[in-house]
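Undergrad: My structure is below; once you've seen it, I'll send some questions.
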Amino acid sequence: MFYGEYQHTVDPKGRVIVPSKFREGLGEKFILTKGLDSCLFAYSSEEWTSLENKLKTLPFTDKDVRAFIRFFFSGATECEVDKQGRILIPQNLREYAVLEKDIAIIGVSSRVEIWNKTTWENYNSDDNMSADKIAEKMSLLGI
């Protein structure tokens, strides 16, 4: 399980240090792909395989399913952690998530998310993430 929030920077070559707590769970090689809300999702190989198997069960005749699967898999790449604990984020994924310098790396249960720091701060603002609003929605889900 991944949890926590870390602030890091992208170096001029597009490399990012992965927090050691996250490296343990992700492994030396893991999958990085386009996420929702303009961030990137990182999955361990095991979690990626599980997710892939779930997506295979969806009806590919559904246009929205095809669109999501294309979006999700076309942006996917395998990342390998170097000796300094860094990964190279491909240019297309840096552009998608607008990763220029300052970033936030957060743990979200079964995955890690990489955000542009400003985008994360705006998403995580009081207006967007008020505890009362979240609690209301969770109670509708029975949680």
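Simple scheme: letters A, B, ... for chains in structure tokens order, numbers from 1 for residues in each chain, numbers from 1 for ligands in the order shown.
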Might you pull out every residue within 10 Å of Phe73 of chain A, with only C-alpha atoms counted and same-chain residues fewer than 4 positions away left off, and present them as a PyMOL selection string?

TA: chain A and resi 32-34+52+68-69+77

Undergrad: Skip segment 107-110 of chain A itself and residues of its chain fewer than 4 positions away, then list as a ChimeraX atom specification all residues within 10 Å of it, counting only C-alpha atoms.

TA: /A:1-6,21-22,25-26,41-44,47-48,114

Undergrad: When DSSP works through the backbone of this structure, what residues of segment 79-109 of chain A end up as alpha helix (DSSP H), shown as a list in words?

TA: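 In segment 79-109 of chain A, DSSP puts these residues in alpha helix (DSSP H): Gln91, Asn92, Leu93, Arg94, Glu95 and Tyr96 of chain A.
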
Undergrad: Using C-alpha atoms, can you write the selected residues to a file as a short mmCIF file (atom, residue, chain, number, x, y, z; two decimals), in the first residue's frame?

TA:
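Ended up saving to part_38.cif:
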```cif
data_model
loop_
_atom_site.label_atom_id
_atom_site.label_comp_id
_atom_site.auth_asym_id
_atom_site.auth_seq_id
_atom_site.Cartn_x
_atom_site.Cartn_y
_atom_site.Cartn_z
CA GLN A 91 8.97 13.48 -22.78
CA ASN A 92 5.40 12.63 -23.84
CA LEU A 93 4.42 11.85 -20.24
CA ARG A 94 6.17 14.96 -18.89
CA GLU A 95 4.22 17.05 -21.41
CA TYR A 96 0.92 15.33 -20.55
#
```

Undergrad: Separation of atom CA of His8 of chain A and atom CA of Leu51 of chain A, in Å?

TA: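 So the two atoms, atom CA of His8 of chain A and atom CA of Leu51 of chain A, lie 27.4 Å apart.
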
Undergrad: Just list the residues in chain A DSSP gives strand (DSSP E or B) on the backbone, as an MDAnalysis selection string.

TA: chainID A and resid 2:9 15:17 29:34 40:44 77:80 86:88 102:109 111:116

Undergrad: Can you list, as a list in words, every protein, DNA or RNA residue that comes within 8 Å of Gly35 of chain A when you count only C-alpha atoms, leaving out same-chain residues fewer than 5 positions away?

TA: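 Near neighbours after the sequence-gap exclusion: Leu40, Phe41, Phe72 and Glu113 of chain A.
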
Undergrad: Given the selection you just returned, output its residues as a file containing all heavy atoms, formatted as a compact mmCIF listing (two decimals), in the first residue's frame.

TA:
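Printed below is selection-v2.txt as written:
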```
# COMPACT_ATOMS: atom_id res chain seq x y z
N LEU A 40 0.33 11.49 -13.54
CA LEU A 40 0.79 10.19 -14.01
C LEU A 40 0.52 9.15 -12.94
O LEU A 40 0.56 9.45 -11.75
CB LEU A 40 2.30 10.23 -14.31
CG LEU A 40 2.76 11.27 -15.33
CD1 LEU A 40 4.27 11.20 -15.50
CD2 LEU A 40 2.06 11.09 -16.66
N PHE A 41 0.23 7.93 -13.36
CA PHE A 41 0.02 6.80 -12.46
C PHE A 41 1.21 5.86 -12.58
O PHE A 41 1.64 5.56 -13.71
CB PHE A 41 -1.23 6.01 -12.83
CG PHE A 41 -2.55 6.67 -12.54
CD1 PHE A 41 -3.72 6.07 -12.99
CD2 PHE A 41 -2.66 7.86 -11.84
CE1 PHE A 41 -4.97 6.64 -12.73
CE2 PHE A 41 -3.90 8.44 -11.59
CZ PHE A 41 -5.06 7.83 -12.03
N PHE A 72 -5.09 4.77 -21.71
CA PHE A 72 -4.34 4.20 -20.60
C PHE A 72 -3.10 3.44 -21.08
O PHE A 72 -2.01 3.61 -20.54
CB PHE A 72 -5.27 3.29 -19.81
CG PHE A 72 -4.89 3.08 -18.39
CD1 PHE A 72 -4.83 4.15 -17.50
CD2 PHE A 72 -4.60 1.82 -17.92
CE1 PHE A 72 -4.48 3.95 -16.17
CE2 PHE A 72 -4.26 1.61 -16.60
CZ PHE A 72 -4.20 2.69 -15.73
N GLU A 113 1.08 8.44 -7.66
CA GLU A 113 0.75 9.47 -8.64
C GLU A 113 1.84 10.53 -8.64
O GLU A 113 2.38 10.89 -7.58
CB GLU A 113 -0.60 10.12 -8.32
CG GLU A 113 -1.75 9.16 -8.45
CD GLU A 113 -3.12 9.78 -8.17
OE1 GLU A 113 -3.20 10.97 -7.78
OE2 GLU A 113 -4.12 9.07 -8.35
```

Undergrad: Can you tell me how far atom CA of Asp102 of chain A sits from atom CA of Gln7 of chain A, in Å to one decimal?

TA: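 These atoms are spaced 7.3 Å apart.
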
Undergrad: So which one's closest to Gln84 of chain A, A:Ser20, A:Ser139, A:Asn122, A:Thr49? Using only C-alpha atoms, please.

TA: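 Smallest separation from Gln84 of chain A among the options: A:Ser20.
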